[in-house]
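Here's the structure, in structure tokens; my notes come after.
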Amino acid sequence: MRAELCVNWAYRVRSGLITRGRRVGRSPLDDRQVALACAALDRAAERRSGVAEGGTLTWRW
């Protein structure tokens, strides 16, 4: 559950969605963690954008 919350928070920050106010809650990440997560999301988006239509992207964990 924590991992899902962290990813969701980083996505919200990166996408410019609301991160303050009612029903939002506290960030599960500190500023450094948000910066690292957003950078990782940027790298992932870059990899994905390089895949031709109908192509595949394999990501090994």
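The chains in the structure tokens are called A, B, ... from first to last as shown; in each chain the residues are counted from 1, and the ligands are counted from 1 in the order shown.
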
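Non-sequential neighbours of Cys6 in chain A (distance at most 12 Å, separation of 5 or more positions within a chain, only C-alpha atoms) are A:Met1, A:Tyr11, A:Arg12, A:Val13, A:Arg26, A:Ser27, A:Pro28, A:Leu29, A:Asp30, A:Gln33, A:Val34, A:Ala35, A:Leu36, A:Ala37, A:Cys38.
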
Using all heavy atoms, can you export the residues from the last selection as a CSV table (one decimal), in the first residue's frame?
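The resulting selection.csv:
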chain,number,residue,atom,x,y,z
A,1,MET,N,0.8,-1.2,0.0
A,1,MET,CA,0.0,0.0,0.0
A,1,MET,C,0.9,1.3,0.0
A,1,MET,O,0.6,2.2,-0.7
A,1,MET,CB,-0.9,0.0,1.2
A,1,MET,CG,-1.8,1.1,1.3
A,1,MET,SD,-2.9,1.3,-0.2
A,1,MET,CE,-4.4,1.3,0.6
A,11,TYR,N,3.3,10.9,-9.1
A,11,TYR,CA,2.6,11.1,-10.3
A,11,TYR,C,1.8,12.4,-10.2
A,11,TYR,O,1.8,13.2,-11.1
A,11,TYR,CB,1.6,10.0,-10.6
A,11,TYR,CG,0.7,10.3,-11.7
A,11,TYR,CD1,1.1,10.1,-13.1
A,11,TYR,CD2,-0.6,10.7,-11.5
A,11,TYR,CE1,0.3,10.4,-14.1
A,11,TYR,CE2,-1.5,10.9,-12.5
A,11,TYR,CZ,-1.0,10.8,-13.8
A,11,TYR,OH,-1.9,11.1,-14.9
A,12,ARG,N,1.2,12.7,-9.1
A,12,ARG,CA,0.4,13.9,-8.9
A,12,ARG,C,1.3,15.1,-9.0
A,12,ARG,O,1.0,16.1,-9.7
A,12,ARG,CB,-0.3,13.9,-7.5
A,12,ARG,CG,-1.4,12.9,-7.4
A,12,ARG,CD,-2.1,13.0,-6.0
A,12,ARG,NE,-2.9,14.2,-5.9
A,12,ARG,CZ,-4.1,14.4,-6.5
A,12,ARG,NH1,-4.6,13.4,-7.2
A,12,ARG,NH2,-4.7,15.5,-6.4
A,13,VAL,N,2.5,15.1,-8.4
A,13,VAL,CA,3.4,16.2,-8.4
A,13,VAL,C,3.9,16.4,-9.9
A,13,VAL,O,3.8,17.5,-10.4
A,13,VAL,CB,4.6,16.0,-7.5
A,13,VAL,CG1,5.7,17.0,-7.7
A,13,VAL,CG2,4.2,16.0,-6.0
A,26,ARG,N,-1.2,14.0,3.7
A,26,ARG,CA,0.2,14.4,3.7
A,26,ARG,C,1.0,13.6,2.7
A,26,ARG,O,0.6,12.5,2.3
A,26,ARG,CB,0.8,14.0,5.0
A,26,ARG,CG,0.5,15.0,6.2
A,26,ARG,CD,1.3,14.6,7.4
A,26,ARG,NE,2.2,13.5,7.1
A,26,ARG,CZ,2.6,12.6,8.0
A,26,ARG,NH1,2.3,12.7,9.2
A,26,ARG,NH2,3.4,11.6,7.7
A,27,SER,N,2.1,14.2,2.2
A,27,SER,CA,2.9,13.5,1.3
A,27,SER,C,3.6,12.3,2.0
A,27,SER,O,4.2,12.5,3.1
A,27,SER,CB,4.0,14.4,0.7
A,27,SER,OG,4.9,13.7,-0.1
A,28,PRO,N,3.7,11.1,1.4
A,28,PRO,CA,4.4,10.0,2.0
A,28,PRO,C,5.9,10.1,1.7
A,28,PRO,O,6.7,9.3,2.1
A,28,PRO,CB,3.8,8.8,1.3
A,28,PRO,CG,3.3,9.3,0.0
A,28,PRO,CD,2.9,10.7,0.2
A,29,LEU,N,6.3,11.1,0.9
A,29,LEU,CA,7.7,11.3,0.4
A,29,LEU,C,8.2,12.7,0.9
A,29,LEU,O,7.5,13.7,0.9
A,29,LEU,CB,7.7,11.2,-1.1
A,29,LEU,CG,7.2,10.0,-1.8
A,29,LEU,CD1,7.1,10.2,-3.3
A,29,LEU,CD2,8.0,8.8,-1.4
A,30,ASP,N,9.5,12.7,1.1
A,30,ASP,CA,10.1,14.0,1.4
A,30,ASP,C,10.5,14.6,0.0
A,30,ASP,O,10.4,14.0,-1.0
A,30,ASP,CB,11.3,13.9,2.4
A,30,ASP,CG,12.5,13.0,1.8
A,30,ASP,OD1,12.7,13.0,0.6
A,30,ASP,OD2,13.1,12.4,2.7
A,33,GLN,N,12.9,12.5,-2.2
A,33,GLN,CA,12.3,11.4,-2.7
A,33,GLN,C,11.3,11.7,-3.9
A,33,GLN,O,11.3,11.0,-4.8
A,33,GLN,CB,11.5,10.6,-1.6
A,33,GLN,CG,12.4,10.0,-0.6
A,33,GLN,CD,11.7,9.5,0.6
A,33,GLN,OE1,10.7,10.1,1.1
A,33,GLN,NE2,12.0,8.3,1.1
A,34,VAL,N,10.6,12.8,-3.7
A,34,VAL,CA,9.8,13.3,-4.8
A,34,VAL,C,10.6,13.6,-6.0
A,34,VAL,O,10.2,13.2,-7.2
A,34,VAL,CB,8.9,14.5,-4.4
A,34,VAL,CG1,8.3,15.2,-5.6
A,34,VAL,CG2,7.9,14.2,-3.3
A,35,ALA,N,11.7,14.3,-5.9
A,35,ALA,CA,12.6,14.6,-7.0
A,35,ALA,C,13.1,13.3,-7.7
A,35,ALA,O,13.1,13.2,-8.9
A,35,ALA,CB,13.7,15.5,-6.6
A,36,LEU,N,13.5,12.4,-6.9
A,36,LEU,CA,14.0,11.1,-7.5
A,36,LEU,C,12.9,10.3,-8.2
A,36,LEU,O,13.1,9.8,-9.3
A,36,LEU,CB,14.6,10.2,-6.4
A,36,LEU,CG,15.9,10.7,-5.7
A,36,LEU,CD1,16.2,9.8,-4.5
A,36,LEU,CD2,17.0,10.6,-6.8
A,37,ALA,N,11.7,10.3,-7.6
A,37,ALA,CA,10.6,9.6,-8.2
A,37,ALA,C,10.2,10.3,-9.5
A,37,ALA,O,9.9,9.6,-10.5
A,37,ALA,CB,9.4,9.5,-7.3
A,38,CYS,N,10.1,11.6,-9.5
A,38,CYS,CA,9.7,12.3,-10.7
A,38,CYS,C,10.8,12.1,-11.8
A,38,CYS,O,10.4,12.0,-13.0
A,38,CYS,CB,9.5,13.8,-10.4
A,38,CYS,SG,8.0,14.1,-9.5

Problem - All alpha helix (DSSP H) positions in chain A, as a ChimeraX atom specification - result: /A:2-15,31-49

Handout entry: Distance query Leu57 in chain A at most 12 Å, only C-alpha atoms, self and fewer than 5 positions along chain excluded, as a PyMOL selection string
Key = chain A and resi 44-52

Problem - One-decimal distance in Å that lies between CA of Trp59 in chain A and CA of Val7 in chain A - result: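 Separation between CA of Val7 in chain A and CA of Trp59 in chain A: 17.2 Å.
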
Practice task
Report the distance between CA of Arg14 in chain A and CA of Arg43 in chain A in Å, rounded to one decimal place.
Solution key: 12.3 Å
